[in-house]
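Novice: Have a look at this one.
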Protein chains: 2
Amino acid sequence: MDFWFDFSSPYAYLASEQLDALAAAHGRLVRWRPYLLGVVYRQLQSRPVTELPLKGEYFHHDVARSARFLGLPFRPPQPFPVATQQAARAYYLLEAKDEALARRYAHGVFRGYFVDGRNIAEETTVCAIAAEAGADADMLRAALAGDMPRSLLREACKAALQAGVFGSPYVIIDGEPFWGADRLPQIARWLESGGF
Amino acid sequence: MDFWFDFSSPYAYLASEQLDALAAAHGRLVRWRPYLLGVVYRQLQSRPVTELPLKGEYFHHDVARSARFLGLPFRPPQPFPVATQQAARAYYLLEAKDEALARRYAHGVFRGYFVDGRNIAEETTVCAIAAEAGADADMLRAALAGDMPRSLLREACKAALQAGVFGSPYVIIDGEPFWGADRLPQIARWLESGGF
């Protein structure tokens, strides 16, 4: 099953705290696939919810309430949203070496942004979070300067568009798409019963 | 608590099957408030989800799956969506006389459209459903020709805009807004604990 997300999506953060355990309980593994929501929005000519009248205000209120509902720590980050190119590129670099490390790093990015108010748009923050997850920050910084991470993220965005992904979080289980953290109960049922 | 909805909204149909029981379990009553989603969309310059690329397709898939998830009967209606002026005007006329009758009628409209494929845009269908709920169809038909139902619905749409309602279903509990049938679990928790 694929977990598509943008690191600056608060609903993706909420889902990220539950998805692996949910999958593991049913003997499944999750492939984390950060991408850039902005690329999809440009393609679909849609706008971020935060820019829409009424919905934008509701969004902020609902995110905080949903975090409380799920019992997860959450502090509205400033600035919001932020560019997540560096965070996503670093993810793919780390994943190519060590998936468990990449997973720890990804949790670190989400929690760093949505709990501790760290600015994950900055390369220094991204590298510091990677180091805390056990990566070699100097090597990561050097690798980020190359072409590979750009190309890996570009491929991921292309794959997202091809898979019809249009939001974050967006989970695909054997071809079945689930959009939004509020679909976690349906995902649980789907894994339990192999579809319903 | 207020339950704002458009009769042609399938997620509102799903919510309508659960909301009264949920409220009653916590000693609360629900005021049903049909309005026209189109009026709000015009005001906000937004478009129905069914017209959006990818999201439109996902919407149809998700509605059917959500109905199965909740164990509710559902058949994709054709045509969809339909104009719901007559259905909503009849609701307010019936409600002014007898709220229990109006409630039976409203369930009849939702189920007629989303389960039995009846065209609720037509006045004859609306009157037939009202008769099945126990109303005098001839009196209703005569009343629908007058100014009162128009004015009642216009007031409801104005009140929806004033309350910041932008979707369907949209539930407001003591000022706290919940958008979407997928917020029923949060509504349940809110009623249980008086906020969280």
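FYI, nothing fancy with the structure tokens labels: chains A, B, ... in order, residues from 1 per chain, ligands from 1 as they appear.
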Can you pull out every residue within 12 Å of Glu155 (chain A), counting only C-alpha atoms, but drop anything in the same chain fewer than 6 positions away, and send it as a list in words?

Specialist: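 Surrounding residues, per the criterion: Arg33, Pro34, Tyr35, Leu36, Val39, Ala88, Arg89, Tyr92, Met148, Pro149, Leu161 and Gln162 of chain A.
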
Novice: Where in region 115-175 of chain A does DSSP assign strand (DSSP E), given as a list in words?

Specialist: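 Selecting the strand (DSSP E) positions of region 115-175 of chain A gives Tyr170, Val171, Ile172 and Ile173 of chain A.
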
Novice: Selection from above, N, CA, C and O atoms, as a PDB file, in the first residue's frame, can you write it?

Specialist:
```
ATOM      1  N   TYR A 170      -3.081  10.563   0.831  1.00  0.00           N
ATOM      2  CA  TYR A 170      -3.803   9.797  -0.188  1.00  0.00           C
ATOM      3  C   TYR A 170      -3.214   8.394  -0.145  1.00  0.00           C
ATOM      4  O   TYR A 170      -2.041   8.204  -0.460  1.00  0.00           O
ATOM      5  N   VAL A 171      -4.004   7.436   0.271  1.00  0.00           N
ATOM      6  CA  VAL A 171      -3.523   6.072   0.454  1.00  0.00           C
ATOM      7  C   VAL A 171      -4.132   5.176  -0.625  1.00  0.00           C
ATOM      8  O   VAL A 171      -5.330   5.270  -0.898  1.00  0.00           O
ATOM      9  N   ILE A 172      -3.325   4.365  -1.241  1.00  0.00           N
ATOM     10  CA  ILE A 172      -3.825   3.425  -2.254  1.00  0.00           C
ATOM     11  C   ILE A 172      -3.485   2.003  -1.813  1.00  0.00           C
ATOM     12  O   ILE A 172      -2.316   1.660  -1.632  1.00  0.00           O
ATOM     13  N   ILE A 173      -4.527   1.208  -1.600  1.00  0.00           N
ATOM     14  CA  ILE A 173      -4.344  -0.186  -1.190  1.00  0.00           C
ATOM     15  C   ILE A 173      -4.805  -1.085  -2.331  1.00  0.00           C
ATOM     16  O   ILE A 173      -6.004  -1.135  -2.632  1.00  0.00           O
TER      17      ILE A 173
END
```

Novice: Can you list every residue of chain B that has an atom at most 10 Å from chain A, with its nearest atom pair and the distance in Å to one decimal, using only C-alpha atoms, ordered by chain then number, as JSON lines?

Specialist:
```
{"residue": "B:Gln43", "atom": "CA", "partner": "A:Pro53", "partner_atom": "CA", "distance": 9.9}
{"residue": "B:Leu44", "atom": "CA", "partner": "A:Pro53", "partner_atom": "CA", "distance": 6.6}
{"residue": "B:Gln45", "atom": "CA", "partner": "A:Pro53", "partner_atom": "CA", "distance": 9.1}
{"residue": "B:Ser46", "atom": "CA", "partner": "A:Leu52", "partner_atom": "CA", "distance": 8.6}
{"residue": "B:Leu52", "atom": "CA", "partner": "A:Leu44", "partner_atom": "CA", "distance": 8.3}
{"residue": "B:Pro53", "atom": "CA", "partner": "A:Leu44", "partner_atom": "CA", "distance": 6.6}
{"residue": "B:Leu54", "atom": "CA", "partner": "A:Gly164", "partner_atom": "CA", "distance": 6.7}
{"residue": "B:Lys55", "atom": "CA", "partner": "A:Phe166", "partner_atom": "CA", "distance": 7.3}
{"residue": "B:Tyr58", "atom": "CA", "partner": "A:Pro177", "partner_atom": "CA", "distance": 8.0}
{"residue": "B:Phe59", "atom": "CA", "partner": "A:Trp179", "partner_atom": "CA", "distance": 9.9}
{"residue": "B:His61", "atom": "CA", "partner": "A:Pro177", "partner_atom": "CA", "distance": 9.1}
{"residue": "B:Asp62", "atom": "CA", "partner": "A:Phe178", "partner_atom": "CA", "distance": 8.0}
{"residue": "B:Arg65", "atom": "CA", "partner": "A:Phe196", "partner_atom": "CA", "distance": 7.7}
{"residue": "B:Ser66", "atom": "CA", "partner": "A:Gln186", "partner_atom": "CA", "distance": 7.9}
{"residue": "B:Arg68", "atom": "CA", "partner": "A:Phe196", "partner_atom": "CA", "distance": 7.0}
{"residue": "B:Phe69", "atom": "CA", "partner": "A:Gln186", "partner_atom": "CA", "distance": 6.9}
{"residue": "B:Leu70", "atom": "CA", "partner": "A:Gln186", "partner_atom": "CA", "distance": 9.7}
{"residue": "B:Gly164", "atom": "CA", "partner": "A:Leu54", "partner_atom": "CA", "distance": 6.7}
{"residue": "B:Val165", "atom": "CA", "partner": "A:Leu54", "partner_atom": "CA", "distance": 8.1}
{"residue": "B:Phe166", "atom": "CA", "partner": "A:Leu54", "partner_atom": "CA", "distance": 7.0}
{"residue": "B:Gly167", "atom": "CA", "partner": "A:Lys55", "partner_atom": "CA", "distance": 9.1}
{"residue": "B:Glu176", "atom": "CA", "partner": "A:His61", "partner_atom": "CA", "distance": 9.7}
{"residue": "B:Pro177", "atom": "CA", "partner": "A:Tyr58", "partner_atom": "CA", "distance": 8.0}
{"residue": "B:Phe178", "atom": "CA", "partner": "A:Asp62", "partner_atom": "CA", "distance": 8.0}
{"residue": "B:Trp179", "atom": "CA", "partner": "A:Tyr58", "partner_atom": "CA", "distance": 8.6}
{"residue": "B:Asp182", "atom": "CA", "partner": "A:Asp182", "partner_atom": "CA", "distance": 6.4}
{"residue": "B:Arg183", "atom": "CA", "partner": "A:Asp182", "partner_atom": "CA", "distance": 7.8}
{"residue": "B:Pro185", "atom": "CA", "partner": "A:Phe69", "partner_atom": "CA", "distance": 9.1}
{"residue": "B:Gln186", "atom": "CA", "partner": "A:Phe69", "partner_atom": "CA", "distance": 6.9}
{"residue": "B:Arg189", "atom": "CA", "partner": "A:Phe69", "partner_atom": "CA", "distance": 8.1}
{"residue": "B:Trp190", "atom": "CA", "partner": "A:Phe69", "partner_atom": "CA", "distance": 9.4}
{"residue": "B:Gly195", "atom": "CA", "partner": "A:Arg65", "partner_atom": "CA", "distance": 9.7}
{"residue": "B:Phe196", "atom": "CA", "partner": "A:Arg68", "partner_atom": "CA", "distance": 7.0}
```

Novice: Do a neighbour search on Pro76 (chain A) at 7 Å with only C-alpha atoms, toss out local chain neighbours closer than 2 positions, and write the hits as a PyMOL selection string.

Specialist: chain A and resi 74+78+114

Novice: Now that the selection is made, can you save its residues with N, CA and C atoms as a CSV table (one decimal), in the first residue's frame?

Specialist:
```csv
chain,number,residue,atom,x,y,z
A,74,PHE,N,-0.2,18.6,18.6
A,74,PHE,CA,-0.3,19.4,17.4
A,74,PHE,C,-0.2,20.9,17.8
A,78,GLN,N,4.0,28.0,12.0
A,78,GLN,CA,4.2,29.3,11.3
A,78,GLN,C,5.6,29.3,10.8
A,114,PHE,N,5.0,20.1,12.9
A,114,PHE,CA,3.6,20.2,13.4
A,114,PHE,C,3.6,20.1,14.9
```

Novice: What separation in Å, quoted to one decimal, exists between CA of Asn119 (chain A) and CA of Ala131 (chain A)?

Specialist: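 About the pair CA of Asn119 (chain A) and CA of Ala131 (chain A): they are 15.7 Å apart.
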
Novice: Measuring atom to atom with only C-alpha atoms, identify which of A:Arg47, A:Ala106, A:Tyr41, A:Val63 is nearest to Pro10 (chain A).

Specialist: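 The answer is A:Val63, which sits nearest to Pro10 (chain A).
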
Novice: Name the residues of region 50-116 of chain B that come out as helix (DSSP H, G or I) in a backbone DSSP run; write them as a ChimeraX atom specification.

Specialist: /B:50-51,55-70,85-97,99-114

Novice: Mind checking which residues fall within 10 Å of Glu192 (chain B), counting only C-alpha atoms, ignoring those fewer than 4 positions away in the same chain, and posting them as a PyMOL selection string?

Specialist: chain B and resi 22-23+25-26+186-188+196

Novice: How would the residues just picked look written out with N, CA and C atoms as a short mmCIF file (atom, residue, chain, number, x, y, z; two decimals), in the first residue's frame?

Specialist:
```cif
data_model
loop_
_atom_site.label_atom_id
_atom_site.label_comp_id
_atom_site.auth_asym_id
_atom_site.auth_seq_id
_atom_site.Cartn_x
_atom_site.Cartn_y
_atom_site.Cartn_z
N LEU B 22 -28.06 9.76 17.24
CA LEU B 22 -26.86 10.21 17.93
C LEU B 22 -27.20 11.34 18.91
N ALA B 23 -27.98 12.30 18.43
CA ALA B 23 -28.36 13.43 19.27
C ALA B 23 -29.24 12.96 20.43
N ALA B 25 -29.39 10.16 21.90
CA ALA B 25 -28.62 9.42 22.91
C ALA B 25 -27.98 10.37 23.92
N HIS B 26 -27.85 11.64 23.55
CA HIS B 26 -27.27 12.62 24.47
C HIS B 26 -28.27 13.72 24.82
N GLN B 186 -16.59 12.49 15.38
CA GLN B 186 -16.23 13.68 16.18
C GLN B 186 -17.48 14.30 16.81
N ILE B 187 -18.58 14.29 16.06
CA ILE B 187 -19.85 14.81 16.61
C ILE B 187 -20.26 13.98 17.82
N ALA B 188 -20.14 12.65 17.70
CA ALA B 188 -20.50 11.77 18.82
C ALA B 188 -19.66 12.10 20.05
N PHE B 196 -14.16 18.87 23.14
CA PHE B 196 -12.89 18.20 23.45
C PHE B 196 -11.74 19.00 22.86
#
```
